[in-house]
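structure-v1.csv follows; it contains CSV, C-alpha atoms and all ligand atoms.
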chain,number,residue,atom,x,y,z
N,1458,MET,CA,3.6,30.2,12.2
N,1459,ARG,CA,5.1,28.8,15.4
N,1460,CYS,CA,5.4,25.3,16.7
N,1461,ARG,CA,2.6,24.4,19.2
N,1462,LYS,CA,5.0,22.5,21.4
N,1463,CYS,CA,8.1,24.8,21.7
N,1464,GLY,CA,7.3,28.1,20.0
N,1465,GLU,CA,10.1,27.8,17.4
N,1466,LYS,CA,9.5,28.4,13.7
N,1467,ALA,CA,7.0,25.7,12.4
N,1468,ALA,CA,8.1,23.5,9.6
N,1469,ILE,CA,4.6,22.3,8.8
N,1470,ASN,CA,1.1,23.6,9.4
N,1471,MET,CA,-1.6,20.9,9.4
N,1472,ARG,CA,-4.8,22.8,9.0
N,1473,GLN,CA,-6.8,19.6,9.2
N,1474,HIS,CA,-5.5,19.0,12.8
N,1475,LYS,CA,-5.2,22.8,13.6
N,1476,LEU,CA,-1.6,21.9,14.5
N,1477,ALA,CA,1.7,23.5,13.4
N,1478,LEU,CA,5.0,21.9,14.4
N,1479,CYS,CA,8.8,22.5,14.0
N,1480,ALA,CA,10.9,19.8,12.3
N,1481,PRO,CA,12.1,18.0,15.5
N,1482,HIS,CA,8.6,17.9,17.0
N,1483,PHE,CA,7.0,16.8,13.7
N,1484,LEU,CA,9.6,14.0,13.5
N,1485,GLU,CA,8.4,12.9,16.9
N,1486,TRP,CA,4.7,13.3,16.2
N,1487,ILE,CA,4.6,11.0,13.2
N,1488,PRO,CA,5.9,7.9,15.1
N,1489,GLU,CA,3.7,8.8,18.1
N,1490,GLN,CA,0.6,8.9,15.8
N,1491,THR,CA,1.6,5.7,14.0
N,1492,GLU,CA,2.1,3.9,17.3
N,1493,ARG,CA,-1.4,5.1,18.4
N,1494,PHE,CA,-3.0,3.7,15.2
N,1495,ILE,CA,-1.1,0.4,15.5
N,1496,GLU,CA,-2.5,-0.1,19.0
N,1497,LYS,CA,-5.9,1.3,18.4
N,1498,TYR,CA,-6.6,-1.1,15.5
N,1499,HIS,CA,-4.6,-4.0,17.0
N,1500,MET,CA,-2.4,-4.2,14.0
N,1501,PHE,CA,0.6,-6.0,15.5
N,1502,THR,CA,2.8,-6.2,18.6
N,1503,SER,CA,6.6,-5.7,19.0
N,1504,LYS,CA,7.0,-9.5,19.4
N,1505,GLU,CA,5.6,-10.2,15.9
N,1506,LYS,CA,7.5,-10.5,12.7
N,1507,ILE,CA,6.5,-7.8,10.2
N,1508,LEU,CA,7.0,-7.7,6.4
N,1509,VAL,CA,6.8,-4.2,4.9
N,1510,ALA,CA,6.0,-3.9,1.2
N,1511,VAL,CA,8.6,-1.4,0.0
N,1512,SER,CA,8.3,0.3,-3.4
N,1513,GLY,CA,11.1,2.9,-3.0
N,1514,GLY,CA,8.4,5.6,-2.7
N,1515,LYS,CA,8.0,8.1,0.2
N,1516,ASN,CA,5.2,6.2,2.0
N,1517,SER,CA,6.7,2.7,2.2
N,1518,LEU,CA,10.2,3.9,3.0
N,1519,SER,CA,8.8,6.3,5.7
N,1520,LEU,CA,6.8,3.5,7.1
N,1521,TRP,CA,9.8,1.2,7.3
N,1522,ASP,CA,11.8,4.0,8.9
N,1523,VAL,CA,9.0,4.7,11.5
N,1524,LEU,CA,8.6,1.0,12.4
N,1525,ASN,CA,12.3,0.7,12.8
N,1526,ARG,CA,12.5,3.8,15.1
N,1527,LEU,CA,9.6,2.4,17.1
N,1528,GLY,CA,11.6,-0.8,17.7
N,1529,TYR,CA,9.5,-3.2,15.6
N,1530,ASN,CA,11.0,-6.2,14.0
N,1531,ALA,CA,10.3,-5.3,10.3
N,1532,ASP,CA,11.9,-6.7,7.1
N,1533,GLY,CA,11.2,-5.2,3.7
N,1534,LEU,CA,10.0,-6.8,0.5
N,1535,TYR,CA,10.7,-5.1,-2.8
N,1536,ILE,CA,9.0,-6.5,-5.9
N,1537,GLY,CA,10.9,-5.8,-9.2
N,1538,LEU,CA,8.3,-5.2,-11.9
N,1539,GLY,CA,10.8,-4.5,-14.7
N,1540,ILE,CA,9.2,-1.1,-15.6
N,1541,ASP,CA,11.4,1.4,-17.4
N,1542,GLY,CA,9.0,4.0,-18.9
N,1543,GLY,CA,12.0,6.0,-20.1
N,1544,ILE,CA,13.0,6.9,-16.5
N,1545,ALA,CA,14.4,3.5,-15.4
N,1546,TYR,CA,11.5,3.4,-12.9
N,1547,SER,CA,12.1,-0.1,-11.4
N,1548,ALA,CA,15.9,0.1,-11.5
N,1549,LYS,CA,15.9,3.4,-9.7
N,1550,SER,CA,13.3,2.5,-7.1
N,1551,GLN,CA,15.1,-0.9,-6.3
N,1552,HIS,CA,18.3,1.0,-5.9
N,1553,LEU,CA,16.7,3.4,-3.4
N,1554,ALA,CA,15.1,0.6,-1.4
N,1555,GLU,CA,18.4,-1.3,-1.2
N,1556,SER,CA,20.4,1.8,-0.2
N,1557,PHE,CA,17.8,2.6,2.5
N,1558,ALA,CA,18.1,-1.0,3.8
N,1559,GLU,CA,21.8,-0.9,3.8
N,1560,ALA,CA,22.1,2.5,5.5
N,1561,HIS,CA,19.8,1.3,8.3
N,1562,GLY,CA,21.1,-2.2,8.7
N,1563,LEU,CA,17.7,-3.7,7.7
N,1564,HIS,CA,16.9,-6.9,5.8
N,1565,LEU,CA,15.3,-6.4,2.3
N,1566,LEU,CA,13.9,-9.4,0.3
N,1567,VAL,CA,13.8,-8.8,-3.4
N,1568,HIS,CA,11.4,-10.7,-5.7
N,1569,ASP,CA,12.1,-10.1,-9.4
N,1570,VAL,CA,9.0,-10.8,-11.5
N,1571,THR,CA,11.0,-11.3,-14.8
N,1572,GLN,CA,13.2,-13.9,-13.1
N,1573,HIS,CA,10.5,-15.7,-11.2
N,1574,GLU,CA,7.4,-15.4,-13.4
N,1575,GLY,CA,9.2,-15.3,-16.8
N,1576,ALA,CA,8.4,-11.8,-18.1
N,1577,SER,CA,8.5,-8.1,-17.0
N,1578,MET,CA,5.2,-6.5,-16.1
N,1579,PRO,CA,4.9,-4.4,-19.3
N,1580,ALA,CA,5.9,-7.4,-21.5
N,1581,ALA,CA,3.4,-9.7,-19.7
N,1582,ALA,CA,0.7,-7.1,-20.0
N,1583,ARG,CA,1.3,-6.9,-23.8
N,1584,LEU,CA,0.8,-10.7,-24.0
N,1585,THR,CA,-2.6,-10.6,-22.2
N,1586,GLN,CA,-5.9,-8.9,-23.0
N,1587,ARG,CA,-6.2,-7.6,-19.5
N,1588,GLY,CA,-6.4,-3.8,-19.5
N,1589,ARG,CA,-5.6,-3.8,-23.2
N,1590,GLY,CA,-1.9,-3.5,-22.7
N,1591,LYS,CA,-2.0,-1.3,-19.5
N,1592,PRO,CA,-0.2,-3.4,-16.9
N,1593,CYS,CA,-2.1,-2.2,-13.8
N,1594,SER,CA,-4.7,-4.9,-13.2
N,1595,LEU,CA,-2.2,-7.7,-13.8
N,1596,CYS,CA,0.3,-5.8,-11.7
N,1597,GLY,CA,-2.1,-5.6,-8.8
N,1598,VAL,CA,-3.0,-9.3,-8.9
N,1599,THR,CA,0.7,-10.2,-9.2
N,1600,LYS,CA,1.9,-7.9,-6.3
N,1601,ARG,CA,-0.9,-9.1,-4.0
N,1602,HIS,CA,0.0,-12.8,-4.8
N,1603,ILE,CA,3.8,-12.3,-4.3
N,1604,MET,CA,3.3,-10.3,-1.0
N,1605,ASN,CA,1.1,-13.0,0.4
N,1606,SER,CA,3.2,-15.9,-0.6
N,1607,THR,CA,6.4,-14.3,0.5
N,1608,ALA,CA,4.9,-13.4,3.9
N,1609,LEU,CA,3.6,-17.0,4.3
N,1610,GLU,CA,6.9,-18.6,3.2
N,1611,GLY,CA,9.0,-16.4,5.5
N,1612,LYS,CA,6.6,-17.0,8.4
N,1613,TYR,CA,5.8,-13.3,8.9
N,1614,ASP,CA,2.9,-12.5,11.2
N,1615,VAL,CA,1.7,-9.5,9.2
N,1616,LEU,CA,2.2,-7.7,6.0
N,1617,ALA,CA,2.4,-3.9,6.4
N,1618,THR,CA,1.8,-1.5,3.5
N,1619,GLY,CA,2.4,2.3,3.2
N,1620,HIS,CA,-1.2,3.2,2.2
N,1621,ASN,CA,-1.9,6.7,3.6
N,1622,LEU,CA,-5.1,8.6,4.2
N,1623,ASP,CA,-5.2,10.0,0.6
N,1624,ASP,CA,-4.9,6.4,-0.7
N,1625,GLU,CA,-7.6,5.1,1.6
N,1626,ALA,CA,-10.0,8.0,1.0
N,1627,ALA,CA,-9.6,7.6,-2.8
N,1628,ILE,CA,-10.2,3.8,-2.6
N,1629,LEU,CA,-13.2,4.5,-0.4
N,1630,PHE,CA,-14.5,7.1,-2.8
N,1631,GLY,CA,-14.2,4.7,-5.8
N,1632,ASN,CA,-15.8,1.8,-3.9
N,1633,THR,CA,-18.7,4.1,-2.8
N,1634,LEU,CA,-19.3,5.4,-6.3
N,1635,ASN,CA,-19.8,1.8,-7.4
N,1636,TRP,CA,-21.3,0.5,-4.1
N,1637,SER,CA,-18.8,-2.3,-4.2
N,1638,VAL,CA,-20.1,-3.9,-1.0
N,1639,GLY,CA,-17.5,-6.7,-1.1
N,1640,TYR,CA,-14.6,-4.2,-1.4
N,1641,LEU,CA,-16.1,-1.9,1.2
N,1642,ALA,CA,-16.3,-4.9,3.6
N,1643,ARG,CA,-12.6,-5.6,3.1
N,1644,GLN,CA,-11.3,-2.1,3.4
N,1645,ALA,CA,-9.9,-1.6,6.9
N,1646,PRO,CA,-6.8,-0.5,8.8
N,1647,VAL,CA,-6.2,-4.1,9.5
N,1648,LEU,CA,-7.5,-7.3,7.9
N,1649,PRO,CA,-7.1,-10.4,10.0
N,1650,ALA,CA,-5.4,-13.5,8.6
N,1651,SER,CA,-7.8,-16.0,7.1
N,1652,GLU,CA,-7.7,-19.8,7.8
N,1653,ASP,CA,-7.3,-20.5,4.1
N,1654,GLY,CA,-4.0,-18.7,3.8
N,1655,LEU,CA,-4.4,-15.0,3.6
N,1656,VAL,CA,-1.8,-13.3,5.8
N,1657,ARG,CA,-2.9,-10.5,8.1
N,1658,LYS,CA,-2.6,-7.1,6.5
N,1659,ALA,CA,-2.1,-3.7,8.2
N,1660,LYS,CA,-1.9,-0.1,7.1
N,1661,PRO,CA,-0.3,1.8,10.0
N,1662,PHE,CA,-0.3,5.1,8.0
N,1663,CYS,CA,-4.0,4.9,7.1
N,1664,ARG,CA,-4.8,8.1,9.1
N,1665,LEU,CA,-1.8,10.2,7.9
N,1666,TYR,CA,-2.2,12.6,5.0
N,1667,GLU,CA,0.1,12.1,2.1
N,1668,ARG,CA,1.4,15.6,2.7
N,1669,GLU,CA,2.5,14.4,6.2
N,1670,THR,CA,4.3,11.3,5.0
N,1671,ALA,CA,6.0,13.3,2.3
N,1672,ALA,CA,7.1,16.0,4.8
N,1673,TYR,CA,8.4,13.2,7.1
N,1674,ALA,CA,10.5,11.6,4.3
N,1675,LEU,CA,12.0,15.0,3.4
N,1676,LEU,CA,12.7,16.1,7.0
N,1677,ARG,CA,14.3,12.7,7.8
N,1678,GLY,CA,16.4,13.0,4.7
N,1679,ILE,CA,15.0,9.7,3.2
N,1680,GLU,CA,15.9,9.4,-0.5
N,1681,TYR,CA,12.8,8.1,-2.3
N,1682,ILE,CA,11.7,8.0,-5.9
N,1683,TYR,CA,9.9,11.2,-6.8
N,1684,GLU,CA,8.4,10.0,-10.0
N,1685,GLU,CA,5.2,8.0,-10.0
N,1686,CYS,CA,5.1,4.7,-11.9
N,1687,PRO,CA,4.8,5.8,-15.6
N,1688,HIS,CA,1.7,3.6,-15.9
N,1689,ALA,CA,-0.1,5.5,-13.1
N,1690,GLU,CA,-0.9,8.4,-15.4
N,1691,GLY,CA,-4.6,8.9,-16.1
N,1692,SER,CA,-5.7,6.3,-13.6
N,1693,THR,CA,-9.0,6.5,-11.9
N,1694,SER,CA,-7.5,6.5,-8.4
N,1695,ILE,CA,-5.4,9.6,-9.3
N,1696,TYR,CA,-8.6,11.3,-10.6
N,1697,HIS,CA,-10.4,10.5,-7.4
N,1698,LYS,CA,-7.4,11.9,-5.4
N,1699,GLU,CA,-7.6,15.1,-7.3
N,1700,LEU,CA,-11.3,15.5,-6.6
N,1701,LEU,CA,-10.8,14.9,-2.9
N,1702,ASN,CA,-7.9,17.3,-2.9
N,1703,ARG,CA,-10.2,20.0,-4.3
N,1704,MET,CA,-12.7,19.4,-1.5
N,1705,GLU,CA,-9.9,19.3,1.1
N,1706,ALA,CA,-8.7,22.7,0.0
N,1707,ASP,CA,-12.1,24.2,0.7
N,1708,ARG,CA,-12.8,22.2,3.8
N,1709,PRO,CA,-9.7,21.0,5.6
N,1710,GLY,CA,-10.2,17.7,7.3
N,1711,VAL,CA,-12.9,16.4,4.9
N,1712,LYS,CA,-10.8,13.4,3.8
N,1713,LEU,CA,-10.2,12.3,7.3
N,1714,SER,CA,-13.8,12.7,8.4
N,1715,PHE,CA,-14.9,10.8,5.3
N,1716,TYR,CA,-12.7,7.9,6.2
N,1717,LEU,CA,-13.4,7.9,10.0
N,1718,ALA,CA,-17.1,8.1,9.4
N,1719,PHE,CA,-16.8,5.0,7.2
N,1720,LEU,CA,-14.8,3.1,9.9
N,1721,ARG,CA,-17.6,4.0,12.4
N,1722,ALA,CA,-20.3,2.8,10.1
N,1723,LYS,CA,-18.3,-0.5,9.7
N,1724,GLU,CA,-18.0,-0.9,13.4
N,1725,MET,CA,-21.8,-0.8,13.6
N,1726,GLY,CA,-21.9,-3.8,11.3
N,1727,THR,CA,-22.6,-2.1,8.0
N,1728,PHE,CA,-21.2,-4.2,5.1
N,1729,ALA,CA,-21.0,-7.3,7.4
N,1730,GLU,CA,-23.2,-9.2,5.0
N,1731,GLY,CA,-20.8,-8.3,2.1
N,1732,ALA,CA,-17.9,-9.6,4.2
N,1733,ARG,CA,-19.8,-12.9,4.9
N,1734,SER,CA,-20.7,-13.6,1.3
N,1735,GLU,CA,-17.1,-12.8,0.2
N,1736,LEU,CA,-15.7,-15.3,2.8
N,1737,ASN,CA,-18.2,-18.0,1.8
N,1738,ALA,CA,-17.2,-17.6,-1.8
N,1739,LEU,CA,-13.5,-18.3,-1.2
N,1740,ARG,CA,-11.9,-21.5,-2.6
N,1741,THR,CA,-8.4,-22.8,-2.8
N,1742,CYS,CA,-6.3,-22.6,-6.0
N,1743,PRO,CA,-5.2,-26.2,-6.8
N,1744,ARG,CA,-1.8,-24.9,-8.0
N,1745,CYS,CA,-0.5,-22.3,-5.6
N,1746,GLY,CA,-2.8,-23.1,-2.6
N,1747,GLN,CA,-3.8,-19.5,-2.1
N,1748,PRO,CA,-7.4,-18.5,-1.6
N,1749,THR,CA,-9.3,-17.3,-4.6
N,1750,THR,CA,-12.9,-16.3,-5.5
N,1751,VAL,CA,-12.8,-17.9,-8.9
N,1752,PRO,CA,-13.3,-21.7,-9.6
N,1753,GLY,CA,-10.2,-23.6,-10.7
N,1754,LEU,CA,-6.8,-21.8,-10.9
N,1755,CYS,CA,-6.6,-18.4,-9.2
N,1756,THR,CA,-6.3,-15.3,-11.4
N,1757,PHE,CA,-2.5,-15.1,-10.8
N,1758,CYS,CA,-1.8,-18.7,-11.8
N,1759,ARG,CA,-4.3,-18.6,-14.7
N,1760,THR,CA,-3.0,-15.3,-16.1
N,1761,TRP,CA,0.7,-16.1,-15.8
N,1762,GLU,CA,0.1,-19.6,-17.4
N,1763,SER,CA,-1.4,-18.0,-20.4
N,1764,ILE,CA,1.4,-15.4,-20.6
N,1765,ARG,CA,4.0,-18.1,-20.6
N,1766,GLU,CA,2.1,-20.1,-23.3
N,1767,ARG,CA,1.8,-17.0,-25.5
N,1768,GLN,CA,5.5,-16.2,-24.9
N,1769,ALA,CA,6.4,-19.8,-26.0
N,1770,GLY,CA,4.2,-19.3,-29.1
N,1771,HIS,CA,6.0,-16.0,-29.9
N,1772,ASP,CA,9.4,-17.6,-29.4
N,1773,ARG,CA,8.4,-20.5,-31.8
N,1774,ASN,CA,7.3,-18.0,-34.4
N,1775,ASP,CA,10.4,-15.9,-34.2
F,1801,LIG,S1,3.1,-0.1,-10.1
F,1801,LIG,FE1,1.8,-1.5,-11.3
F,1801,LIG,FE2,1.0,0.7,-10.0
F,1801,LIG,FE3,2.6,0.9,-12.1
F,1801,LIG,S2,1.9,-0.7,-13.3
F,1801,LIG,FE4,0.1,0.2,-12.5
F,1801,LIG,S3,-0.3,-1.0,-10.7
F,1801,LIG,S4,0.8,2.2,-11.7
F,1801,LIG,S5,0.5,1.2,-8.0
F,1802,ZN,ZN,8.8,22.4,18.3
F,1803,ZN,ZN,-2.9,-20.0,-7.8

Mind converting the file's structure to structure tokens?
Amino acid sequence: MRCRKCGEKAAINMRQHKLALCAPHFLEWIPEQTERFIEKYHMFTSKEKILVAVSGGKNSLSLWDVLNRLGYNADGLYIGLGIDGGIAYSAKSQHLAESFAEAHGLHLLVHDVTQHEGASMPAAARLTQRGRGKPCSLCGVTKRHIMNSTALEGKYDVLATGHNLDDEAAILFGNTLNWSVGYLARQAPVLPASEDGLVRKAKPFCRLYERETAAYALLRGIEYIYEECPHAEGSTSIYHKELLNRMEADRPGVKLSFYLAFLRAKEMGTFAEGARSELNALRTCPRCGQPTTVPGLCTFCRTWESIRERQAGHDRND
């Protein structure tokens, strides 16, 4: 297999694009494609301040690297969840995020959940009924809250995440199986800021396959955490990814066409009603001031309040 651009030996063959490239041309192609998506979906401009959610994994570190190479003004945010799982998951991923920032002269903000919220994610999950001890739903609520509040406090124009096409297709697949109209209405390459305090969100890698972001990280020599979060095992999103991978193996490009056809349907106004009813249902949390769909305290404030109460109860009983 030869590189389409220079005829040298190809480092990657992307069947879905009918395109093979050598390492140097592939390392140029990824930023070119990313820039194209940033402009096409009006995600942000080079004058704006960007906060990249960095987990220490291949997608977020590659995204931070690409934005930096393209000359964007992007800081990173690492959220320390206090997950060990026998592999020191959080400690390792934080170290990799910090080393990357240092090596590239980039600014990384670190928010430690144990320090700020009072318990690590696994300990907090054990204290709530949510997910019967599995931390993922609490973790999702907490990460979204911290990302939004950090972006608002730091006056960032936009929050960028490393979601790739495999993530987006799996989310879309799950939302379609349940016909979750509200979620379908909110799934997009870019979500504008809302007046009531949600910062703009962008996914510049939403059209890149995970295989491509992984190859980019490897060829750029980016050190990232290979292990998945130990709590990800057995998750529905991984199951959906596996199903889509099986389809992709038989029909290269199916993930991309599934996602692009969805975006076209959205452009035609499908799900607009779902978006309107979601927006109408938004209220403001009296404690943190962030928008919420539930009356009274938002899910973040309510859940962490009950975690701290239970923790205090435990401490008294000790
Ligand atoms: S980090 Fe958190 Fe994920 Fe780990 S605990 Fe679950 S939600 S799996 S993306
Ligand atoms: Zn080449
Ligand atoms: Zn709140």

Calculate how many Å separate CA of His1688 in chain N from CA of Asp1541 in chain N, rounding to one decimal.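 Between CA of His1688 in chain N and CA of Asp1541 in chain N the gap works out to 10.1 Å.
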
I want to know what sits within 8 Å of range 1609-1612 of chain N, based on all atoms listed in the file, with residues of the same chain fewer than 6 positions away left out; could you give that as a PyMOL selection string? chain N and resi 1506+1654+1656

Env of Asn1530 in chain N: 9 Å cut, atoms = all atoms listed in the file, seq-sep filter 6 positions within chain, self excluded. Answer as a tab-separated table (two decimals) with C-alpha atoms, keeping the file's coordinate frame.
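What landed in part_28.tsv:
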chain	number	residue	atom	x	y	z
N	1503	SER	CA	6.60	-5.70	19.00
N	1504	LYS	CA	7.00	-9.50	19.40
N	1505	GLU	CA	5.60	-10.20	15.90
N	1506	LYS	CA	7.50	-10.50	12.70
N	1507	ILE	CA	6.50	-7.80	10.20
N	1508	LEU	CA	7.00	-7.70	6.40
N	1524	LEU	CA	8.60	1.00	12.40

From the list N:Phe1501, N:Tyr1640, N:Tyr1546, N:Phe1494, the nearest residue to Glu1684 in chain N using all atoms listed in the file is N:Tyr1546

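Of the residues under consideration (N:Ile1628, N:Ser1606, N:Lys1658, N:Tyr1673), N:Ser1606 shows the shortest atom-to-atom contact distance to ligand ZN 1803 (chain F) when counting only C-alpha atoms and all ligand atoms.
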
Residues near Val1751 in chain N, anyone? I mean within 9 Å using only C-alpha atoms, not counting same-chain ones fewer than 4 positions away, as a PyMOL selection string. chain N and resi 1738-1742+1755-1756

May I ask you to write as a PyMOL selection string all residues lying at most 7 Å from ligand ZN 1803 (chain F), with all atoms listed in the file counted? chain N and resi 1742-1747+1754-1758

Show me a table, sorted first by chain and then by increasing residue number, of the residues of chain N having an atom at most 8 Å from ligand LIG 1801 (chain F), each with its shortest atom pair and the distance in Å to one decimal, counting all atoms listed in the file and written as a Markdown table.
| residue | atom | partner | partner_atom | distance |
| --- | --- | --- | --- | --- |
| N:Leu1538 | CA | F:LIG1801 | S1 | 7.5 |
| N:Ile1540 | CA | F:LIG1801 | S2 | 7.7 |
| N:Met1578 | CA | F:LIG1801 | S2 | 7.2 |
| N:Pro1579 | CA | F:LIG1801 | S2 | 7.7 |
| N:Lys1591 | CA | F:LIG1801 | S2 | 7.3 |
| N:Pro1592 | CA | F:LIG1801 | S2 | 5.0 |
| N:Cys1593 | CA | F:LIG1801 | FE4 | 3.5 |
| N:Ser1594 | CA | F:LIG1801 | S3 | 6.4 |
| N:Leu1595 | CA | F:LIG1801 | S3 | 7.6 |
| N:Cys1596 | CA | F:LIG1801 | FE1 | 4.6 |
| N:Gly1597 | CA | F:LIG1801 | S3 | 5.3 |
| N:Glu1685 | CA | F:LIG1801 | S4 | 7.5 |
| N:Cys1686 | CA | F:LIG1801 | FE3 | 4.6 |
| N:Pro1687 | CA | F:LIG1801 | FE3 | 6.4 |
| N:His1688 | CA | F:LIG1801 | S4 | 4.5 |
| N:Ala1689 | CA | F:LIG1801 | S4 | 3.7 |
| N:Glu1690 | CA | F:LIG1801 | S4 | 7.4 |
| N:Ser1692 | CA | F:LIG1801 | S4 | 7.9 |

Atomic separation - CA of Gly1539 in chain N relative to CA of Asp1569 in chain N, Å: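 Pair CA of Asp1569 in chain N / CA of Gly1539 in chain N returns 7.8 Å.
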
Would you list the residues that come within 12 Å of ligand ZN 1802 (chain F)? Count only C-alpha atoms and all ligand atoms and give the answer as a list in words.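 Here is the list of contacting residues: Met1458, Arg1459, Cys1460, Arg1461, Lys1462, Cys1463, Gly1464, Glu1465, Lys1466, Ala1467, Ala1468, Ile1469, Asn1470, Leu1476, Ala1477, Leu1478, Cys1479, Ala1480, Pro1481, His1482, Phe1483, Leu1484, Glu1485 and Trp1486 of chain N.
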
Would you kindly place N, CA and C atoms on range 1740-1753 of chain N and return the model as an mmCIF file, in the coordinates of the input?
data_model
loop_
_atom_site.group_PDB
_atom_site.id
_atom_site.type_symbol
_atom_site.label_atom_id
_atom_site.label_comp_id
_atom_site.auth_asym_id
_atom_site.auth_seq_id
_atom_site.Cartn_x
_atom_site.Cartn_y
_atom_site.Cartn_z
ATOM 1 N N ARG N 1740 -12.367 -20.124 -2.367
ATOM 2 C CA ARG N 1740 -11.900 -21.500 -2.600
ATOM 3 C C ARG N 1740 -10.414 -21.516 -2.593
ATOM 4 N N THR N 1741 -9.822 -22.691 -2.812
ATOM 5 C CA THR N 1741 -8.400 -22.800 -2.800
ATOM 6 C C THR N 1741 -7.858 -23.089 -4.210
ATOM 7 N N CYS N 1742 -6.846 -22.353 -4.640
ATOM 8 C CA CYS N 1742 -6.300 -22.600 -6.000
ATOM 9 C C CYS N 1742 -5.519 -23.938 -5.933
ATOM 10 N N PRO N 1743 -5.825 -24.847 -6.865
ATOM 11 C CA PRO N 1743 -5.200 -26.200 -6.800
ATOM 12 C C PRO N 1743 -3.668 -26.097 -7.125
ATOM 13 N N ARG N 1744 -3.181 -25.010 -7.696
ATOM 14 C CA ARG N 1744 -1.800 -24.900 -8.000
ATOM 15 C C ARG N 1744 -0.932 -24.292 -6.914
ATOM 16 N N CYS N 1745 -1.310 -23.059 -6.518
ATOM 17 C CA CYS N 1745 -0.500 -22.300 -5.600
ATOM 18 C C CYS N 1745 -0.993 -22.466 -4.129
ATOM 19 N N GLY N 1746 -2.212 -22.949 -3.983
ATOM 20 C CA GLY N 1746 -2.800 -23.100 -2.600
ATOM 21 C C GLY N 1746 -3.280 -21.878 -1.978
ATOM 22 N N GLN N 1747 -3.277 -20.763 -2.712
ATOM 23 C CA GLN N 1747 -3.800 -19.500 -2.100
ATOM 24 C C GLN N 1747 -5.288 -19.398 -2.319
ATOM 25 N N PRO N 1748 -5.966 -18.661 -1.434
ATOM 26 C CA PRO N 1748 -7.400 -18.500 -1.600
ATOM 27 C C PRO N 1748 -7.779 -17.707 -2.833
ATOM 28 N N THR N 1749 -8.893 -18.035 -3.416
ATOM 29 C CA THR N 1749 -9.300 -17.300 -4.600
ATOM 30 C C THR N 1749 -10.854 -17.318 -4.678
ATOM 31 N N THR N 1750 -11.400 -16.347 -5.412
ATOM 32 C CA THR N 1750 -12.900 -16.300 -5.500
ATOM 33 C C THR N 1750 -13.350 -16.962 -6.779
ATOM 34 N N VAL N 1751 -12.416 -17.312 -7.680
ATOM 35 C CA VAL N 1751 -12.800 -17.900 -8.900
ATOM 36 C C VAL N 1751 -12.638 -19.469 -8.865
ATOM 37 N N PRO N 1752 -13.476 -20.249 -9.576
ATOM 38 C CA PRO N 1752 -13.300 -21.700 -9.600
ATOM 39 C C PRO N 1752 -12.022 -22.081 -10.370
ATOM 40 N N GLY N 1753 -11.394 -23.177 -10.020
ATOM 41 C CA GLY N 1753 -10.200 -23.600 -10.700
ATOM 42 C C GLY N 1753 -8.978 -22.799 -10.315
#
